[in-house]
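Structure below is my_file_16.cif: mmCIF, C-alpha atoms; chains and numbers go by the auth columns.
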data_coords
loop_
_atom_site.group_PDB
_atom_site.id
_atom_site.type_symbol
_atom_site.label_atom_id
_atom_site.label_comp_id
_atom_site.label_asym_id
_atom_site.label_seq_id
_atom_site.Cartn_x
_atom_site.Cartn_y
_atom_site.Cartn_z
_atom_site.B_iso_or_equiv
_atom_site.auth_seq_id
_atom_site.auth_asym_id
ATOM 1 C CA MET A 1 67.685 -4.720 -50.097 0.00 28 S
ATOM 2 C CA LYS A 2 68.907 -8.168 -49.099 0.00 29 S
ATOM 3 C CA ASN A 3 70.079 -6.876 -45.709 0.00 30 S
ATOM 4 C CA ALA A 4 66.681 -5.296 -45.034 0.00 31 S
ATOM 5 C CA LYS A 5 64.963 -8.583 -45.891 0.00 32 S
ATOM 6 C CA SER A 6 67.334 -10.497 -43.612 0.00 33 S
ATOM 7 C CA MET A 7 66.756 -8.021 -40.789 0.00 34 S
ATOM 8 C CA ARG A 8 62.990 -8.315 -41.225 0.00 35 S
ATOM 9 C CA ARG A 9 63.241 -12.102 -41.035 0.00 36 S
ATOM 10 C CA VAL A 10 65.351 -11.877 -37.897 0.00 37 S
ATOM 11 C CA GLY A 11 62.824 -9.466 -36.366 0.00 38 S
ATOM 12 C CA VAL A 12 59.880 -11.694 -37.235 0.00 39 S
ATOM 13 C CA ALA A 13 61.791 -14.742 -35.950 0.00 40 S
ATOM 14 C CA ALA A 14 62.394 -12.961 -32.641 0.00 41 S
ATOM 15 C CA LEU A 15 58.687 -12.205 -32.407 0.00 42 S
ATOM 16 C CA VAL A 16 57.822 -15.849 -33.033 0.00 43 S
ATOM 17 C CA VAL A 17 60.094 -16.871 -30.164 0.00 44 S
ATOM 18 C CA ALA A 18 58.676 -14.155 -27.887 0.00 45 S
ATOM 19 C CA VAL A 19 55.097 -15.238 -28.595 0.00 46 S
ATOM 20 C CA ALA A 20 55.928 -18.888 -28.007 0.00 47 S
ATOM 21 C CA VAL A 21 57.792 -18.185 -24.772 0.00 48 S
ATOM 22 C CA PHE A 22 55.653 -15.507 -23.189 0.00 49 S
ATOM 23 C CA SER A 23 52.138 -16.189 -24.597 0.00 50 S
ATOM 24 C CA VAL A 24 51.102 -12.633 -23.956 0.00 51 S
ATOM 25 C CA PRO A 25 47.519 -12.584 -22.692 0.00 52 S
ATOM 26 C CA LEU A 26 45.462 -9.955 -24.470 0.00 53 S
ATOM 27 C CA CYS A 27 41.916 -8.813 -23.916 0.00 54 S
ATOM 28 C CA LEU A 28 39.353 -11.571 -24.072 0.00 55 S
ATOM 29 C CA ALA A 29 37.864 -11.726 -27.505 0.00 56 S
ATOM 30 C CA GLY A 30 36.309 -14.266 -29.781 0.00 57 S
ATOM 31 C CA VAL A 31 38.413 -16.281 -32.176 0.00 58 S
ATOM 32 C CA GLU A 32 37.126 -14.415 -35.208 0.00 59 S
ATOM 33 C CA GLU A 33 37.767 -11.055 -33.533 0.00 60 S
ATOM 34 C CA ASP A 34 41.306 -12.144 -32.628 0.00 61 S
ATOM 35 C CA TYR A 35 41.843 -13.212 -36.219 0.00 62 S
ATOM 36 C CA GLN A 36 40.478 -9.987 -37.672 0.00 63 S
ATOM 37 C CA LYS A 37 42.510 -7.774 -35.355 0.00 64 S
ATOM 38 C CA GLY A 38 45.624 -9.887 -35.927 0.00 65 S
ATOM 39 C CA ASN A 39 45.179 -9.935 -39.680 0.00 66 S
ATOM 40 C CA ASP A 40 44.660 -6.160 -39.750 0.00 67 S
ATOM 41 C CA ALA A 41 47.781 -5.646 -37.617 0.00 68 S
ATOM 42 C CA GLN A 42 49.780 -7.973 -39.857 0.00 69 S
ATOM 43 C CA GLY A 43 48.624 -5.986 -42.889 0.00 70 S
ATOM 44 C CA ARG A 44 49.939 -2.811 -41.249 0.00 71 S
ATOM 45 C CA GLY A 45 53.231 -4.531 -40.468 0.00 72 S
ATOM 46 C CA ASP A 46 52.557 -4.467 -36.710 0.00 73 S
ATOM 47 C CA PHE A 47 53.852 -7.950 -35.942 0.00 74 S
ATOM 48 C CA MET A 48 54.057 -7.357 -32.182 0.00 75 S
ATOM 49 C CA VAL A 49 50.263 -7.088 -32.105 0.00 76 S
ATOM 50 C CA ALA A 50 49.554 -9.573 -34.898 0.00 77 S
ATOM 51 C CA MET A 51 51.534 -12.576 -33.698 0.00 78 S
ATOM 52 C CA PRO A 52 49.852 -13.274 -30.340 0.00 79 S
ATOM 53 C CA LEU A 53 46.358 -12.589 -31.690 0.00 80 S
ATOM 54 C CA LEU A 54 46.814 -14.850 -34.695 0.00 81 S
ATOM 55 C CA LYS A 55 48.523 -17.570 -32.661 0.00 82 S
ATOM 56 C CA ARG A 56 45.701 -17.597 -30.128 0.00 83 S
ATOM 57 C CA ALA A 57 43.047 -17.858 -32.850 0.00 84 S
ATOM 58 C CA ALA A 58 45.111 -20.455 -34.734 0.00 85 S
ATOM 59 C CA ASP A 59 45.614 -22.569 -31.621 0.00 86 S
ATOM 60 C CA GLN A 60 41.858 -22.565 -31.097 0.00 87 S
ATOM 61 C CA GLY A 61 41.455 -24.218 -34.500 0.00 88 S
ATOM 62 C CA TYR A 62 40.424 -21.212 -36.615 0.00 89 S
ATOM 63 C CA ALA A 63 41.631 -22.108 -40.124 0.00 90 S
ATOM 64 C CA PRO A 64 42.011 -18.566 -41.536 0.00 91 S
ATOM 65 C CA ALA A 65 44.214 -17.662 -38.558 0.00 92 S
ATOM 66 C CA GLN A 66 46.220 -20.858 -38.988 0.00 93 S
ATOM 67 C CA ALA A 67 46.933 -19.933 -42.612 0.00 94 S
ATOM 68 C CA VAL A 68 48.013 -16.361 -41.861 0.00 95 S
ATOM 69 C CA TYR A 69 50.058 -17.421 -38.843 0.00 96 S
ATOM 70 C CA GLY A 70 51.687 -20.079 -41.017 0.00 97 S
ATOM 71 C CA GLU A 71 52.632 -17.398 -43.540 0.00 98 S
ATOM 72 C CA MET A 72 54.215 -15.306 -40.805 0.00 99 S
ATOM 73 C CA LEU A 73 56.148 -18.306 -39.507 0.00 100 S
ATOM 74 C CA ASP A 74 57.297 -19.077 -43.047 0.00 101 S
ATOM 75 C CA ALA A 75 58.515 -15.485 -43.449 0.00 102 S
ATOM 76 C CA ALA A 76 60.463 -15.928 -40.205 0.00 103 S
ATOM 77 C CA GLU A 77 61.905 -19.168 -41.594 0.00 104 S
ATOM 78 C CA SER A 78 60.267 -21.217 -38.846 0.00 105 S
ATOM 79 C CA ASN A 79 59.423 -23.659 -41.587 0.00 106 S
ATOM 80 C CA GLU A 80 58.503 -26.791 -39.641 0.00 107 S
ATOM 81 C CA GLU A 81 56.113 -24.849 -37.426 0.00 108 S
ATOM 82 C CA ALA A 82 54.688 -23.055 -40.471 0.00 109 S
ATOM 83 C CA VAL A 83 53.984 -26.406 -42.115 0.00 110 S
ATOM 84 C CA SER A 84 52.125 -27.629 -39.022 0.00 111 S
ATOM 85 C CA TYR A 85 49.797 -24.619 -39.145 0.00 112 S
ATOM 86 C CA PHE A 86 49.342 -24.875 -42.918 0.00 113 S
ATOM 87 C CA ILE A 87 48.391 -28.551 -42.550 0.00 114 S
ATOM 88 C CA LYS A 88 45.759 -27.701 -39.933 0.00 115 S
ATOM 89 C CA ALA A 89 44.261 -24.983 -42.139 0.00 116 S
ATOM 90 C CA ALA A 90 44.496 -27.021 -45.349 0.00 117 S
ATOM 91 C CA GLU A 91 42.787 -30.046 -43.846 0.00 118 S
ATOM 92 C CA GLN A 92 39.884 -27.794 -42.836 0.00 119 S
ATOM 93 C CA GLY A 93 39.529 -26.699 -46.467 0.00 120 S
ATOM 94 C CA ASP A 94 41.104 -23.247 -46.106 0.00 121 S
ATOM 95 C CA ALA A 95 42.395 -22.249 -49.568 0.00 122 S
ATOM 96 C CA ARG A 96 45.065 -19.911 -48.196 0.00 123 S
ATOM 97 C CA GLY A 97 46.386 -22.712 -45.997 0.00 124 S
ATOM 98 C CA GLN A 98 46.278 -25.136 -48.916 0.00 125 S
ATOM 99 C CA LEU A 99 48.322 -22.751 -51.056 0.00 126 S
ATOM 100 C CA GLY A 100 50.801 -22.207 -48.237 0.00 127 S
ATOM 101 C CA LEU A 101 51.213 -25.952 -47.838 0.00 128 S
ATOM 102 C CA ALA A 102 51.650 -26.411 -51.604 0.00 129 S
ATOM 103 C CA LYS A 103 54.422 -23.829 -51.597 0.00 130 S
ATOM 104 C CA MET A 104 56.180 -25.534 -48.684 0.00 131 S
ATOM 105 C CA TYR A 105 56.086 -28.940 -50.419 0.00 132 S
ATOM 106 C CA GLY A 106 57.128 -27.378 -53.724 0.00 133 S
ATOM 107 C CA ALA A 107 60.142 -25.652 -52.179 0.00 134 S
ATOM 108 C CA ALA A 108 61.068 -28.332 -49.621 0.00 135 S
ATOM 109 C CA LYS A 109 60.656 -25.828 -46.782 0.00 136 S
ATOM 110 C CA GLY A 110 60.039 -27.585 -43.483 0.00 137 S
ATOM 111 C CA VAL A 111 59.186 -30.784 -45.327 0.00 138 S
ATOM 112 C CA LYS A 112 60.808 -33.077 -47.834 0.00 139 S
ATOM 113 C CA LEU A 113 60.291 -31.999 -51.459 0.00 140 S
ATOM 114 C CA ASP A 114 57.083 -33.641 -52.636 0.00 141 S
ATOM 115 C CA ASN A 115 55.802 -32.461 -56.013 0.00 142 S
ATOM 116 C CA GLU A 116 52.782 -34.754 -55.833 0.00 143 S
ATOM 117 C CA LYS A 117 51.594 -33.147 -52.600 0.00 144 S
ATOM 118 C CA ALA A 118 52.483 -29.687 -53.918 0.00 145 S
ATOM 119 C CA ALA A 119 50.311 -30.262 -57.001 0.00 146 S
ATOM 120 C CA TYR A 120 47.495 -31.732 -54.898 0.00 147 S
ATOM 121 C CA TRP A 121 47.283 -28.825 -52.455 0.00 148 S
ATOM 122 C CA LEU A 122 47.759 -26.189 -55.143 0.00 149 S
ATOM 123 C CA THR A 123 44.911 -27.691 -57.146 0.00 150 S
ATOM 124 C CA LYS A 124 42.658 -27.876 -54.061 0.00 151 S
ATOM 125 C CA ALA A 125 43.244 -24.167 -53.383 0.00 152 S
ATOM 126 C CA ALA A 126 42.737 -23.135 -56.999 0.00 153 S
ATOM 127 C CA GLU A 127 39.520 -25.177 -57.250 0.00 154 S
ATOM 128 C CA GLN A 128 38.085 -22.799 -54.636 0.00 155 S
ATOM 129 C CA ASP A 129 38.866 -19.894 -56.993 0.00 156 S
ATOM 130 C CA TYR A 130 41.290 -18.466 -54.454 0.00 157 S
ATOM 131 C CA PHE A 131 42.865 -15.609 -56.406 0.00 158 S
ATOM 132 C CA GLU A 132 46.453 -16.168 -55.250 0.00 159 S
ATOM 133 C CA ALA A 133 46.245 -19.904 -55.971 0.00 160 S
ATOM 134 C CA LEU A 134 44.828 -19.238 -59.425 0.00 161 S
ATOM 135 C CA LYS A 135 47.814 -17.018 -60.219 0.00 162 S
ATOM 136 C CA VAL A 136 50.208 -19.720 -59.035 0.00 163 S
ATOM 137 C CA ILE A 137 48.520 -22.590 -60.883 0.00 164 S
ATOM 138 C CA VAL A 138 48.427 -20.654 -64.159 0.00 165 S
ATOM 139 C CA GLY A 139 52.166 -20.068 -63.826 0.00 166 S
ATOM 140 C CA ALA A 140 52.734 -23.681 -62.807 0.00 167 S
ATOM 141 C CA TYR A 141 51.025 -24.976 -65.944 0.00 168 S
ATOM 142 C CA ARG A 142 52.989 -22.455 -67.999 0.00 169 S
ATOM 143 C CA THR A 143 56.386 -23.523 -66.610 0.00 170 S
ATOM 144 C CA GLY A 144 55.851 -27.025 -65.255 0.00 171 S
ATOM 145 C CA ALA A 145 56.249 -26.121 -61.584 0.00 172 S
ATOM 146 C CA TYR A 146 54.756 -27.661 -58.423 0.00 173 S
ATOM 147 C CA GLY A 147 54.808 -31.127 -59.932 0.00 174 S
ATOM 148 C CA LEU A 148 52.492 -30.114 -62.764 0.00 175 S
ATOM 149 C CA LYS A 149 53.591 -30.681 -66.343 0.00 176 S
ATOM 150 C CA ALA A 150 53.604 -27.675 -68.644 0.00 177 S
ATOM 151 C CA ASP A 151 50.232 -27.767 -70.393 0.00 178 S
ATOM 152 C CA THR A 152 48.897 -24.856 -72.445 0.00 179 S
ATOM 153 C CA GLU A 153 45.312 -26.159 -72.355 0.00 180 S
ATOM 154 C CA GLN A 154 45.333 -26.287 -68.548 0.00 181 S
ATOM 155 C CA GLU A 155 47.065 -22.911 -68.438 0.00 182 S
ATOM 156 C CA LYS A 156 44.270 -21.422 -70.570 0.00 183 S
ATOM 157 C CA ALA A 157 41.495 -23.087 -68.556 0.00 184 S
ATOM 158 C CA TRP A 158 42.886 -21.890 -65.223 0.00 185 S
ATOM 159 C CA GLY A 159 43.666 -18.524 -66.828 0.00 186 S
ATOM 160 C CA ALA A 160 39.986 -18.121 -67.691 0.00 187 S
ATOM 161 C CA ARG A 161 39.060 -18.789 -64.044 0.00 188 S
ATOM 162 C CA LEU A 162 41.706 -16.295 -62.965 0.00 189 S
ATOM 163 C CA GLN A 163 40.179 -13.668 -65.264 0.00 190 S
ATOM 164 C CA VAL A 164 36.712 -14.241 -63.783 0.00 191 S
ATOM 165 C CA ALA A 165 38.164 -13.936 -60.268 0.00 192 S
ATOM 166 C CA THR A 166 40.032 -10.760 -61.269 0.00 193 S
ATOM 167 C CA ASP A 167 36.896 -9.208 -62.738 0.00 194 S
ATOM 168 C CA LYS A 168 34.934 -10.089 -59.600 0.00 195 S
ATOM 169 C CA PHE A 169 37.622 -8.565 -57.369 0.00 196 S
ATOM 170 C CA VAL A 170 37.735 -5.337 -59.400 0.00 197 S
ATOM 171 C CA LYS A 171 33.938 -5.047 -59.299 0.00 198 S
ATOM 172 C CA GLU A 172 33.879 -5.598 -55.517 0.00 199 S
ATOM 173 C CA GLN A 173 36.554 -2.940 -55.014 0.00 200 S
ATOM 174 C CA GLN A 174 34.637 -0.454 -57.177 0.00 201 S
ATOM 175 C CA GLU A 175 31.445 -1.136 -55.206 0.00 202 S
ATOM 176 C CA LYS A 176 33.326 -0.717 -51.937 0.00 203 S
ATOM 177 C CA LYS A 177 34.725 2.646 -53.071 0.00 204 S
ATOM 178 C CA ALA A 178 31.298 3.763 -54.249 0.00 205 S
ATOM 179 C CA LYS A 179 29.726 2.873 -50.879 0.00 206 S
ATOM 180 C CA ALA A 180 32.489 4.666 -48.986 0.00 207 S
ATOM 181 C CA LYS A 181 32.076 7.720 -51.181 0.00 208 S
ATOM 182 C CA ALA A 182 28.301 7.683 -50.726 0.00 209 S
ATOM 183 C CA ALA A 183 28.668 7.308 -46.959 0.00 210 S
ATOM 184 C CA GLY A 184 31.009 10.276 -46.897 0.00 211 S
ATOM 185 C CA LYS A 185 28.416 12.472 -48.637 0.00 212 S
ATOM 186 C CA ASN A 186 25.653 11.727 -46.106 0.00 213 S
#
Exercise: express the given structure as structure tokens:
Amino acid sequence: MKNAKSMRRVGVAALVVAVAVFSVPLCLAGVEEDYQKGNDAQGRGDFMVAMPLLKRAADQGYAPAQAVYGEMLDAAESNEEAVSYFIKAAEQGDARGQLGLAKMYGAAKGVKLDNEKAAYWLTKAAEQDYFEALKVIVGAYRTGAYGLKADTEQEKAWGARLQVATDKFVKEQQEKKAKAKAAGKN
């Protein structure tokens, strides 16, 4: 398992270098279209397609692309570059970028360990009810991570927000399935 993870990191790292060196021009598309296609490709594990699309959208200032590209760079252990993209996304108010930046500060990846900044960015992301950030902040208040002191009251308060976000997500997924099923019957 560890070897497979290491090989994946090496593969992703090689892709990062290839994208940076060759800047493969792809079909002309809008920033949002580049992001969507890149994000979809990343979700399928097709990093050869995802990396140049996301980089192009990220370099044009599109915060969601900056956050996802930062995550890919982090996975490839290109930590300093990942931090630079997370900062760009976070400063634009992107919750995914804010969470990514919090994790980098909390783990001293690409930056000096800074629990104050980790707590700040984690809180900013969670305040937007970003599901992943809510999960992290609940755990942080449970264990005292990310510069936050263990606090059962805060854990419960954020846990309640997490439950609302979970319920909303489940409802949206059920509605999506129902629409797809209805469309298939027509």
- request: Grab the CA of Ala117 (chain S) to CA of Gly72 (chain S) distance for me, in Å with one decimal place.
  value: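 Taking CA of Ala117 (chain S) and CA of Gly72 (chain S), their separation equals 24.6 Å.
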field: Pairwise distance for CA of Lys198 (chain S) and CA of Ile164 (chain S), rounded to one decimal in Å
entry: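 Computed distance, CA of Lys198 (chain S) to CA of Ile164 (chain S), equals 22.9 Å.
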message: Evaluate the PyMOL selection byres ((chain S and resi 113) around 6) against this structure - the residues, as a list of chain:residue names, please.
response: S:Ala94, S:Gly97, S:Val110, S:Ser111, S:Tyr112, S:Ile114, S:Lys115, S:Ala116, S:Ala117, S:Gly124, S:Leu128
field: Residue neighbourhood Leu80 (chain S), 9 Å, all atoms listed in the file, exclusion window fewer than 4 positions, as a VMD selection string
entry: chain S and resid 53 58 60 to 66 76 84 to 85 92
- request: Take the PyMOL selection byres ((chain S and resi 156-158) around 12), apply it to the structure above, and return the hits as JSON, numbers by chain.
  value: {"S": [120, 121, 122, 123, 124, 125, 126, 127, 149, 150, 151, 152, 153, 154, 155, 159, 160, 161, 162, 163, 164, 165, 185, 186, 187, 188, 189, 190, 191, 192, 193, 194, 195, 196, 197]}
